[in-house]
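Here's the structure, in structure tokens; my notes come after.
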Amino acid sequence: MSKFNRRQLLKAGATLTAASTLGNGAKAQQEFYATPLTPTLLPDRRKARVVVVGGGWGGTTVARKVKQQRPEAEVVLIEPKPLFMSCPMSNLFLAGIKPLEFLVFDYTNVVKDGVVFIQERVLDINRERRLVRTTGGYLAYDFLVLAPGIAYMYEAIPGYAEVRHLMPVGFKPFEHVALRRMLDQFDETGGELVMYIPNPPYRCPPGPYERAAMLAWRLKTKGVKGKVIVLDANPQPISKAPGFLAAYNDLYKNHLEYIPNTRITGLDYEKKLVKTELGDVPFTLADLIPPMKAAEIVRQVGLGERWANVQLPHFLSEKDERIYLVGDITGNTPYPKSGMIAYVSGNIVAKHIAERLGGKPLAEIPLMLPTNICYSFVDSEEAIWVSANYSWDEAAKQIKAQSAVDNQRSAANGTAAYGWAQSLWQDMFGPRA
């Protein structure tokens, strides 16, 4: 990784938080389909080209692995941010345990592998002509990988959309910078820190529950006169429930109040009230997690509404055999929307594309399904985990899961969590400089 100091990283994160993907109207789409192919982002190609949209856990993995397996192919990674920030492990940053630098990497080693990195926003995709249009021009592809991540459904909570710029959610990279500043200010004032957890599906199922524990740990450790109030639309934590509930009761009885089966009906930011079916809840600081959907480009190019479906049991789009879907955007699989699933499915898709680039027909490519493991910290050192292996039931035409869980918090699990993250980050980005 390049040498960044803390101030530079915080500044970069704050700048990146303000960036958003641009959408197009019908007129712009008509122009895209009719206009000549100039300007082009890269020269005319003499070899196969794989274009990857999104430089997160899944997209970066696909780009690097395809290039490693098929060095003769041209692999292009399109990502609007100059830096990667990991959302897995980010609650350690919010709690004040780890600095932002712990989570941030650049794409230097990805580029050294031969991947072409283009820092642009994708505006549209012409599936018929196999063209991607970005803010800088056009790019043709032989295979396209979409890994653009999620978008928030602010409209699902009345009153939220109007003040979203004042309330960072912290489930997209670098939003955590603004949320951390608000937490630092909360340390001085204290009060009610209200969280809201929606019904699934959303990014990182156990993530909000881990965040609740780590914020309570922060208040307890710093002696802040306040409480984390968790409003959960679900009847209990949707992942590792016994482990989280035990931590809440054993470690944070005076610093965390967990309220299940509570749905938000609105937000009054001016009066600092979260409206629920059970009544109004006042807040000093609120971290409300709205329902989520796939990034806008998925709907824009006609691959799905809330989520995009794949051709089970593979990661090919249900509507286009030249397009692979990686990460949190899929809707018809049983996989959780986790960093580990994005990483493992990225490896699988890379192998799939490498085989096709080598001329192997789809029907002859061996079936590959992901595995998952997810660690959650409940204090500064101890963690719990859940894992799953997946298999294909040909008779039922279903993906089936076999799970294991360790709800007993331990420092050994915390050490394993650090090892897990660091090994995957190194595989994605190479060693830190």
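Naming scheme: A, B, ... for chains in displayed order of the structure tokens; residues 1 onward per chain; ligands 1 onward as shown.
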Practice prompt. Quick one: pick out all alpha helix (DSSP H) residues within range 99-139 of chain A from a backbone DSSP run and write them as a list of chain:residue names.
Written response: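 Listing alpha helix (DSSP H) positions across range 99-139 of chain A yields A:Thr108, A:Asn109, A:Val110, A:Val111, A:Lys112.
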Residues just named, written with N, CA and C atoms as a PDB file, in the first residue's frame:
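Output contents, as saved in again08.pdb:
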ATOM      1  N   THR A 108      -2.406  -0.771  -6.173  1.00  0.00           N
ATOM      2  CA  THR A 108      -1.076  -0.832  -6.786  1.00  0.00           C
ATOM      3  C   THR A 108      -0.708  -2.239  -7.233  1.00  0.00           C
ATOM      4  N   ASN A 109      -0.863  -3.221  -6.366  1.00  0.00           N
ATOM      5  CA  ASN A 109      -0.466  -4.584  -6.721  1.00  0.00           C
ATOM      6  C   ASN A 109      -1.408  -5.215  -7.731  1.00  0.00           C
ATOM      7  N   VAL A 110      -2.668  -4.787  -7.733  1.00  0.00           N
ATOM      8  CA  VAL A 110      -3.613  -5.264  -8.743  1.00  0.00           C
ATOM      9  C   VAL A 110      -3.151  -4.800 -10.128  1.00  0.00           C
ATOM     10  N   VAL A 111      -2.729  -3.540 -10.201  1.00  0.00           N
ATOM     11  CA  VAL A 111      -2.233  -2.991 -11.468  1.00  0.00           C
ATOM     12  C   VAL A 111      -0.917  -3.645 -11.863  1.00  0.00           C
ATOM     13  N   LYS A 112      -0.049  -3.915 -10.888  1.00  0.00           N
ATOM     14  CA  LYS A 112       1.220  -4.582 -11.182  1.00  0.00           C
ATOM     15  C   LYS A 112       0.998  -5.958 -11.786  1.00  0.00           C
TER      16      LYS A 112
END
Practice prompt. Check the DSSP output for the backbone and give back, as a PyMOL selection string, the residues of range 65-150 of chain A in strand (DSSP E).
Written response: chain A and resi 74-78+84-85+104-105+116-118+122-126+131-134+137-140+143-146+150
Worksheet item: Between A:Ile384, A:Met167, A:Ala147, A:Ala241, which one has atoms that come closest to Ser345 in chain A, using only C-alpha atoms?
Response: A:Ala147
Worksheet entry | Residue contacts of Val50 in chain A (12 Å, only C-alpha atoms) excluding same-chain residues fewer than 6 positions away, as JSON, numbers by chain | {"A": [59, 62, 63, 64, 65, 66, 67, 70, 71, 72, 73, 74, 75, 76, 77, 78, 115, 116, 130, 131, 132, 139, 140, 141, 142, 143, 144, 145, 146, 322, 323, 324, 349, 350, 353, 354, 356, 357]}
Next, dump the selected residues to file, keeping only N, CA and C atoms, as a short mmCIF file (atom, residue, chain, number, x, y, z; two decimals), in the first residue's frame.
data_model
loop_
_atom_site.label_atom_id
_atom_site.label_comp_id
_atom_site.auth_asym_id
_atom_site.auth_seq_id
_atom_site.Cartn_x
_atom_site.Cartn_y
_atom_site.Cartn_z
N GLY A 59 -15.32 -7.82 -6.90
CA GLY A 59 -14.79 -7.34 -8.17
C GLY A 59 -13.28 -7.37 -8.24
N VAL A 62 -12.10 -11.00 -8.67
CA VAL A 62 -12.28 -11.49 -10.04
C VAL A 62 -11.20 -10.94 -10.95
N ALA A 63 -11.00 -9.62 -10.92
CA ALA A 63 -10.06 -8.98 -11.83
C ALA A 63 -8.66 -9.56 -11.66
N ARG A 64 -8.20 -9.65 -10.42
CA ARG A 64 -6.83 -10.12 -10.19
C ARG A 64 -6.67 -11.59 -10.55
N LYS A 65 -7.67 -12.41 -10.22
CA LYS A 65 -7.56 -13.85 -10.46
C LYS A 65 -7.68 -14.19 -11.94
N VAL A 66 -8.53 -13.49 -12.68
CA VAL A 66 -8.61 -13.75 -14.12
C VAL A 66 -7.28 -13.43 -14.78
N LYS A 67 -6.69 -12.30 -14.41
CA LYS A 67 -5.42 -11.91 -15.01
C LYS A 67 -4.31 -12.90 -14.66
N ARG A 70 -5.26 -16.08 -16.79
CA ARG A 70 -5.23 -15.85 -18.24
C ARG A 70 -4.46 -14.57 -18.52
N PRO A 71 -3.14 -14.58 -18.36
CA PRO A 71 -2.36 -13.36 -18.55
C PRO A 71 -2.46 -12.78 -19.96
N GLU A 72 -2.85 -13.62 -20.92
CA GLU A 72 -2.98 -13.12 -22.29
C GLU A 72 -4.24 -12.28 -22.50
N ALA A 73 -5.19 -12.37 -21.59
CA ALA A 73 -6.44 -11.60 -21.71
C ALA A 73 -6.25 -10.19 -21.16
N GLU A 74 -7.05 -9.27 -21.66
CA GLU A 74 -7.06 -7.91 -21.10
C GLU A 74 -8.16 -7.83 -20.05
N VAL A 75 -7.79 -7.47 -18.84
CA VAL A 75 -8.74 -7.38 -17.74
C VAL A 75 -8.80 -5.93 -17.28
N VAL A 76 -10.01 -5.37 -17.24
CA VAL A 76 -10.21 -3.97 -16.90
C VAL A 76 -11.09 -3.88 -15.66
N LEU A 77 -10.63 -3.18 -14.66
CA LEU A 77 -11.40 -2.96 -13.43
C LEU A 77 -11.84 -1.51 -13.38
N ILE A 78 -13.15 -1.27 -13.33
CA ILE A 78 -13.70 0.08 -13.29
C ILE A 78 -14.23 0.34 -11.88
N VAL A 115 -3.69 -5.82 -14.45
CA VAL A 115 -5.07 -5.35 -14.56
C VAL A 115 -5.07 -3.86 -14.90
N VAL A 116 -5.91 -3.47 -15.85
CA VAL A 116 -6.06 -2.05 -16.19
C VAL A 116 -7.09 -1.45 -15.23
N ARG A 130 -22.49 -5.09 -26.29
CA ARG A 130 -21.44 -5.40 -25.32
C ARG A 130 -20.53 -4.20 -25.11
N LEU A 131 -21.15 -3.13 -24.62
CA LEU A 131 -20.44 -1.89 -24.39
C LEU A 131 -20.76 -1.34 -23.01
N VAL A 132 -19.75 -0.85 -22.34
CA VAL A 132 -19.92 -0.13 -21.08
C VAL A 132 -19.63 1.34 -21.34
N LEU A 139 -16.32 1.35 -23.60
CA LEU A 139 -15.43 0.22 -23.43
C LEU A 139 -16.17 -1.04 -23.85
N ALA A 140 -15.62 -1.76 -24.84
CA ALA A 140 -16.23 -3.01 -25.28
C ALA A 140 -15.76 -4.15 -24.39
N TYR A 141 -16.54 -5.22 -24.33
CA TYR A 141 -16.17 -6.37 -23.51
C TYR A 141 -16.57 -7.67 -24.18
N ASP A 142 -15.86 -8.73 -23.82
CA ASP A 142 -16.27 -10.09 -24.17
C ASP A 142 -17.06 -10.71 -23.02
N PHE A 143 -16.56 -10.48 -21.81
CA PHE A 143 -17.30 -10.88 -20.61
C PHE A 143 -17.35 -9.69 -19.66
N LEU A 144 -18.48 -9.55 -18.99
CA LEU A 144 -18.69 -8.46 -18.06
C LEU A 144 -19.01 -9.03 -16.68
N VAL A 145 -18.35 -8.50 -15.66
CA VAL A 145 -18.63 -8.89 -14.28
C VAL A 145 -19.19 -7.67 -13.56
N LEU A 146 -20.37 -7.81 -13.00
CA LEU A 146 -20.99 -6.72 -12.24
C LEU A 146 -20.85 -7.02 -10.75
N ARG A 322 -23.23 -13.51 -20.97
CA ARG A 322 -21.95 -12.82 -21.01
C ARG A 322 -21.70 -12.01 -19.74
N ILE A 323 -22.67 -12.02 -18.84
CA ILE A 323 -22.56 -11.19 -17.63
C ILE A 323 -22.60 -12.07 -16.38
N TYR A 324 -21.62 -11.86 -15.51
CA TYR A 324 -21.58 -12.53 -14.22
C TYR A 324 -21.95 -11.53 -13.12
N VAL A 349 -15.95 -17.24 -10.05
CA VAL A 349 -16.25 -16.58 -11.33
C VAL A 349 -14.98 -16.42 -12.15
N ALA A 350 -13.88 -16.09 -11.50
CA ALA A 350 -12.61 -15.96 -12.23
C ALA A 350 -12.23 -17.28 -12.90
N ILE A 353 -14.60 -17.83 -15.90
CA ILE A 353 -14.25 -17.00 -17.05
C ILE A 353 -12.96 -17.50 -17.70
N ALA A 354 -11.98 -17.89 -16.88
CA ALA A 354 -10.72 -18.40 -17.43
C ALA A 354 -10.96 -19.64 -18.29
N ARG A 356 -13.76 -20.37 -19.90
CA ARG A 356 -14.45 -19.95 -21.12
C ARG A 356 -13.50 -19.24 -22.08
N LEU A 357 -12.58 -18.47 -21.54
CA LEU A 357 -11.58 -17.83 -22.40
C LEU A 357 -10.69 -18.87 -23.06
#
Fill in: Within 10 Å of range 294-306 of chain A using only C-alpha atoms, minus same-chain residues under 6 positions, as an MDAnalysis selection string
chainID A and resid 21:25 29 53 122:127 146:153 202 317:320 323 325 327:331
Fill in: All residues 7 Å or closer to range 207-209 of chain A, only C-alpha atoms, same chain fewer than 5 positions away omitted, as a PyMOL selection string
chain A and resi 197+237+244
